[in-house]
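Scroll down for the structure; my scribbles are underneath it.
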Amino acid sequence: MAYSHSFWFPLTLGIWLLSFVQDVFAQSCWRDTKCTGAETAAFPGEWESDMFAPTSRTVAPKAVFDLENGGSLSLESVSFDSAQSGIYYDFGLEVGGVVTIQFTVSSTDGDGAIGIAFTEAKNWIGPVSDSSSGVYEREDGALYANFSSIGDISYVMPVEQLRGGFRYMTLFLAGASSSVTINDVSLAISFQPTWSNLRAYQGYFHSSDDLLNKIWYSGAYTIQTNALHPQTGRAWPAPATQWLNNGVIGVGDTINTDGAKRDRTVWPGDMGVAISAAFYSTGDIESVRNSLSTLYSHQAENGMLPFCGPPILCSNSDTYHMWTMIGMYNYVLYSGDLDFIRDNWAKYLAAMNFVAGQLDSSLGLLDITGYTEDWGRFYVTNTLASAQMLYYRTLVTGSTLATWVGDTTGVNSTWLEAAANLQSAINANLWDETSGAFGDSISNTGLHSQDGNSLAVLLGVVNASSDQAQEISSCLSKNWTPIGAESPELPGEVSTFVSSFEIQAHLLAGQVQRALDLIRISWGWYLNNKNGTESTMIEGYLVDGSFGYRHDAGYGEVYSYTSHAHGWATGPVTALTEYVLGLSVTGLAGSTWRIAPQFGDLTHAEGGFTTSLGKYSVSWTMNSDGSFTLDYNAPPGTSGVLVLPVAEKSRIYKVEVDGKIMSTNFGISAKTEGNRQLYITEGTGGEHRIVVS
């Protein structure tokens, strides 16, 4: 009997899908951690092919090579002896966790060992691991699987020495002359510890540009690799040799940290980028909550919040103090968790009083003398521009928090008044009319920093619709190199942290093409770099293309110390979702929202995310004549603002909403960011289609 293709294809597909689903749901969380994360993807679709997250918590290498000549070897089994340099495995992407090696010792003259070394970047493949311990004077070295006789051996890496982030693993022989055969290698992934399904993303993004799609998902995967069990942080003080990742870094079962390999610690500045990226991509805000809880639990008596979390528990940073406060706002906005801010309101007030006490009344600016620790830049002085921008945002978001918690003391209006006064002082004291940018401080007006100017637009000190914003956007672009934006405050280097703010500043100014170009030349350069992880976002790099971020600015000239999976680099996730796709939340848990797409050179984009209220999604398609169709879906009972761009200001456009042609006075016509012409109107929850032609 002959069966048609039309019969067998759906049956085969159904069996495959059933097998896939069973495989996913058979997965467990990290060791004995309680599973509290999402179990299924909120938006399944073709875009899942761009995900880097594996389908299983246990993974195997993708390839193995001879260490000496680079020749490809068989993954089924590979033999080598002491006369050879060794072999190295390529997992194909950033991974992290506990390695198990099954091997057979076929001959040995005595006590021997298989040495095991790790690296994120291809540059440091070899018998010495890349640097992670934080002690620059020594190397991380290698772990050793010891043996003294022939036979089969199963080696499991000590949990306290799990390797948090790597792509390549080198095996070599040490001690007595020996011969071994590697029969099997596997890795139990330790990150995203409360998720049984590592692909259960609660957000998605897809566009007509394959590179941008991959970049978005590399950001999402970076966020995952930074979500750790709080008992697997980097130990501090560091051990005398090798490394330890059994540091207790906070509360709960999962926590947001700065990096997969290092520092595996809560850093508030990094969260200034990572919180939004986590919300829009994986949806993991449980880790964010635990990070904030940890920081507020270590608040000093004078109200100051830590520069970094335990066990390092460093201090004396006004900028990171304020990032923690802004992080509180972002978490509550996305989650709607008012109980959390109410429980911490007294601590928040103490934190605000601490920073407010540093205002120089003669200048109207913050004086951060004594609290100048920052993200690693040079030239930090007492009236640092970026600190002023952060204080402005802290006051504005603090006012909103005060309203949300029902504070009746009047601090919300007091803080808004203080923000307005600060805004005037910033412009009066720091704006350089000739250069069209802010000076870095009163004592260093000739330096027009990337962080200060990007944050001025992003955090609302400068009206994004103003000519001033256009000048800043133009000035920032003058620092570009072929592979990214060189930071004037960290010469010779590309900071993906500060560049994350820059791309959003360009988008707020309506310079969408400028932002897309920078994402492609910087993040695209690293993602396609064969020496990198090809799956995550790097902490930073040099303008000559080498991986030596901050080698001369605190990292002891140790190039391999650079983190290749760093949450502070994930700005493109937020930029593409919030400003290009154009979908963002403006009220608690998405009770209100904003849809404001920017097309650039894209012809299509779609994406979405979830909150406790439900799913939000947008899809738009741009036509060559400037017309476009936009579909959106928001939970019933929510409402928002629609900001619809048009290609030519001189043309009259027809607007259809759900098939009904709107009157010519539909919405509000406004000249805004980048001198674009926009139509602004109100929107409601449910499914809707808008056609502009």
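Residue numbering restarts at 1 in every chain; chains get A, B, ... in the order shown in the structure tokens, and ligands count up from 1 in that same order.
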Which of region 566-629 of chain A end up as alpha helix (DSSP H) when DSSP is run on this backbone - answer as a PyMOL selection string? chain A and resi 571-574
Residue contacts of Val462 (chain A) (12 Å, only C-alpha atoms) excluding same-chain residues fewer than 5 positions away, as a list in words: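 Counting only C-alpha atoms, the residues come to Met389, Tyr392, Arg393, Ala420, Leu422, Gln423, Ser424, Ile426, Asn427, Trp431, Ala437, Phe438, Gly452, Asn453, Ser454, Leu455, Ala456, Val457, Asp467, Gln468, Ala469, Gln470, Glu471, Ile472, Ser473, Ala505, Leu508, Ala509 and Glu673 of chain A.
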Ile538 (chain A) surroundings by only C-alpha atoms, 9 Å radius, close-in-sequence under 3 positions cut, as a tab-separated table (two decimals) with C-alpha atoms, in the first residue's frame:
chain	number	residue	atom	x	y	z
A	222	THR	CA	23.79	36.34	27.96
A	496	THR	CA	29.42	47.73	25.52
A	523	TRP	CA	27.61	43.81	18.64
A	526	TYR	CA	31.66	40.45	18.18
A	527	LEU	CA	28.88	37.94	17.47
A	532	GLY	CA	34.63	34.81	20.58
A	533	THR	CA	31.75	32.76	21.91
A	541	TYR	CA	37.16	45.24	23.81
A	547	PHE	CA	40.01	41.14	23.76
A	562	THR	CA	37.66	39.98	29.92
A	563	SER	CA	34.20	38.53	30.41
A	564	HIS	CA	32.61	37.27	27.20
A	565	ALA	CA	29.11	36.94	28.65
A	566	HIS	CA	28.33	40.18	30.47
A	567	GLY	CA	24.82	41.43	31.22
A	568	TRP	CA	25.77	45.08	31.00
A	569	ALA	CA	26.30	44.61	27.26
Tell me which protein, DNA and RNA residues are within 6 Å of region 269-280 of chain A, counting only C-alpha atoms, leaving out same-chain ones fewer than 4 positions away, and put them as a PyMOL selection string. chain A and resi 203+284+320+323+567-568+571+573-574+609
Would you mind exporting all heavy atoms of the selected residues as a short mmCIF file (atom, residue, chain, number, x, y, z; two decimals), in the first residue's frame?
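Heads up, here's the output in result_14.cif:
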data_model
loop_
_atom_site.label_atom_id
_atom_site.label_comp_id
_atom_site.auth_asym_id
_atom_site.auth_seq_id
_atom_site.Cartn_x
_atom_site.Cartn_y
_atom_site.Cartn_z
N GLY A 203 9.57 36.43 26.17
CA GLY A 203 9.57 37.50 25.17
C GLY A 203 10.16 36.99 23.87
O GLY A 203 10.77 35.91 23.83
N ASP A 284 12.75 36.83 33.13
CA ASP A 284 13.22 36.43 34.46
C ASP A 284 13.44 37.66 35.34
O ASP A 284 14.53 38.23 35.37
CB ASP A 284 14.51 35.63 34.35
CG ASP A 284 15.10 35.28 35.71
OD1 ASP A 284 14.34 35.31 36.70
OD2 ASP A 284 16.31 34.99 35.78
N TYR A 320 26.67 53.87 41.36
CA TYR A 320 26.06 52.55 41.51
C TYR A 320 24.99 52.55 42.60
O TYR A 320 24.03 51.78 42.53
CB TYR A 320 27.14 51.50 41.77
CG TYR A 320 27.78 50.98 40.50
CD1 TYR A 320 28.13 51.85 39.47
CD2 TYR A 320 28.03 49.63 40.31
CE1 TYR A 320 28.71 51.39 38.30
CE2 TYR A 320 28.61 49.15 39.14
CZ TYR A 320 28.94 50.03 38.13
OH TYR A 320 29.50 49.57 36.97
N TRP A 323 22.11 53.65 40.67
CA TRP A 323 21.64 52.58 39.78
C TRP A 323 20.77 51.59 40.55
O TRP A 323 19.79 51.05 40.01
CB TRP A 323 22.82 51.85 39.14
CG TRP A 323 23.35 52.48 37.89
CD1 TRP A 323 24.64 52.87 37.65
CD2 TRP A 323 22.62 52.77 36.69
NE1 TRP A 323 24.75 53.40 36.38
CE2 TRP A 323 23.54 53.34 35.77
CE3 TRP A 323 21.29 52.61 36.30
CZ2 TRP A 323 23.16 53.75 34.49
CZ3 TRP A 323 20.91 53.02 35.02
CH2 TRP A 323 21.84 53.58 34.14
N GLY A 567 26.16 40.87 31.31
CA GLY A 567 24.82 41.43 31.22
C GLY A 567 24.76 42.90 30.92
O GLY A 567 23.77 43.38 30.35
N TRP A 568 25.82 43.64 31.26
CA TRP A 568 25.77 45.08 31.00
C TRP A 568 25.88 45.41 29.52
O TRP A 568 25.71 46.57 29.12
CB TRP A 568 26.79 45.82 31.84
CG TRP A 568 28.23 45.85 31.40
CD1 TRP A 568 28.82 45.29 30.31
CD2 TRP A 568 29.28 46.58 32.07
NE1 TRP A 568 30.16 45.58 30.25
CE2 TRP A 568 30.47 46.38 31.33
CE3 TRP A 568 29.33 47.38 33.21
CZ2 TRP A 568 31.69 46.95 31.71
CZ3 TRP A 568 30.54 47.93 33.58
CH2 TRP A 568 31.70 47.71 32.83
N GLY A 571 22.21 45.90 25.99
CA GLY A 571 21.36 47.01 25.58
C GLY A 571 20.59 46.81 24.29
O GLY A 571 19.46 47.31 24.17
N VAL A 573 18.91 44.38 23.27
CA VAL A 573 17.63 43.72 23.53
C VAL A 573 16.56 44.77 23.79
O VAL A 573 15.48 44.77 23.17
CB VAL A 573 17.74 42.75 24.73
CG1 VAL A 573 16.36 42.21 25.10
CG2 VAL A 573 18.69 41.60 24.41
N THR A 574 16.85 45.69 24.71
CA THR A 574 15.90 46.75 25.03
C THR A 574 15.72 47.69 23.85
O THR A 574 14.59 48.10 23.53
CB THR A 574 16.38 47.53 26.26
OG1 THR A 574 16.49 46.63 27.36
CG2 THR A 574 15.42 48.66 26.60
N PHE A 609 6.27 40.48 24.82
CA PHE A 609 6.72 40.11 26.15
C PHE A 609 5.50 39.85 27.01
O PHE A 609 4.35 40.06 26.58
CB PHE A 609 7.61 41.20 26.77
CG PHE A 609 7.02 42.58 26.73
CD1 PHE A 609 6.02 42.97 27.62
CD2 PHE A 609 7.45 43.51 25.80
CE1 PHE A 609 5.47 44.24 27.59
CE2 PHE A 609 6.91 44.80 25.75
CZ PHE A 609 5.91 45.15 26.66
#
Near Thr414 (chain A), counting only C-alpha atoms, which residues have an atom at most 10 Å away, once you skip same-chain residues fewer than 4 positions from it, shown as a PDB file with N, CA and C atoms, in the first residue's frame?
ATOM      1  N   LEU A 395      15.636  60.988  41.103  1.00  0.00           N
ATOM      2  CA  LEU A 395      14.597  61.853  41.663  1.00  0.00           C
ATOM      3  C   LEU A 395      13.253  61.660  40.960  1.00  0.00           C
ATOM      4  N   SER A 399       9.975  59.871  42.640  1.00  0.00           N
ATOM      5  CA  SER A 399       8.678  60.519  42.769  1.00  0.00           C
ATOM      6  C   SER A 399       7.549  59.586  42.349  1.00  0.00           C
ATOM      7  N   THR A 409       3.787  62.128  52.533  1.00  0.00           N
ATOM      8  CA  THR A 409       4.646  63.152  53.134  1.00  0.00           C
ATOM      9  C   THR A 409       5.002  64.263  52.170  1.00  0.00           C
ATOM     10  N   GLY A 410       4.650  64.100  50.908  1.00  0.00           N
ATOM     11  CA  GLY A 410       4.938  65.126  49.919  1.00  0.00           C
ATOM     12  C   GLY A 410       6.281  64.996  49.237  1.00  0.00           C
ATOM     13  N   ALA A 418      13.166  69.141  42.911  1.00  0.00           N
ATOM     14  CA  ALA A 418      14.626  69.015  42.959  1.00  0.00           C
ATOM     15  C   ALA A 418      15.179  68.582  41.609  1.00  0.00           C
ATOM     16  N   ALA A 419      14.455  67.717  40.921  1.00  0.00           N
ATOM     17  CA  ALA A 419      14.883  67.262  39.597  1.00  0.00           C
ATOM     18  C   ALA A 419      14.891  68.418  38.606  1.00  0.00           C
TER      19      ALA A 419
END
Please measure the separation of CA of Ala53 (chain A) and CA of Phe166 (chain A), giving the value in Å to one decimal. 14.4 Å
For Ile153 (chain A), please output as a list of chain:residue names all residues within 9 Å (counting only C-alpha atoms; exclusion window: fewer than 2 positions along the same chain).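 With the cut-off at 9 Å, the set is A:Ile101, A:Gln102, A:Phe103, A:Thr104, A:Val105, A:Phe147, A:Ile150, A:Gly151, A:Tyr155.
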Which residues are near region 333-348 of chain A? Cut-off 9 Å, only C-alpha atoms, ignore same chain within fewer than 5 positions. Put them as an MDAnalysis selection string. chainID A and resid 276 279 285 289 293 296:297 299 303 325 328 353 398 401:402 404:405 585:590 611:612
Using only C-alpha atoms, pick whichever of A:Lys261, A:Arg167, A:Arg138, A:His688 has the shortest atom-to-atom distance to Glu656 (chain A). A:His688
d(CA of Phe497 (chain A), CA of Thr319 (chain A)) in Å: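 Taking CA of Phe497 (chain A) as the start and CA of Thr319 (chain A) as the end point, the length is 13.9 Å.
Distance check against Ser177 (chain A) using only C-alpha atoms: of A:Asp81, A:Leu162, A:Leu93, A:Leu198, the minimum falls on A:Asp81.
Atom pair CA of Gly175 (chain A) / CA of Ser106 (chain A): separated by 15.1 Å.
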So, with only C-alpha atoms as the atoms that count, which of A:Leu143, A:Leu212, A:Ile368, A:Ala38 lies closest to His604 (chain A)?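 Distance minimum relative to His604 (chain A) lands on A:Leu212.
Comparing the minimum interatomic distances between Thr570 (chain A) and each of A:Pro237, A:Gly70, A:Pro491, A:Gly259, counting only C-alpha atoms, we find that A:Gly259 sits nearest.
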Have a look at A:Phe501, A:Trp480, A:Tyr204, A:Tyr391 and name the one nearest to Leu359 (chain A); count only C-alpha atoms. A:Tyr391
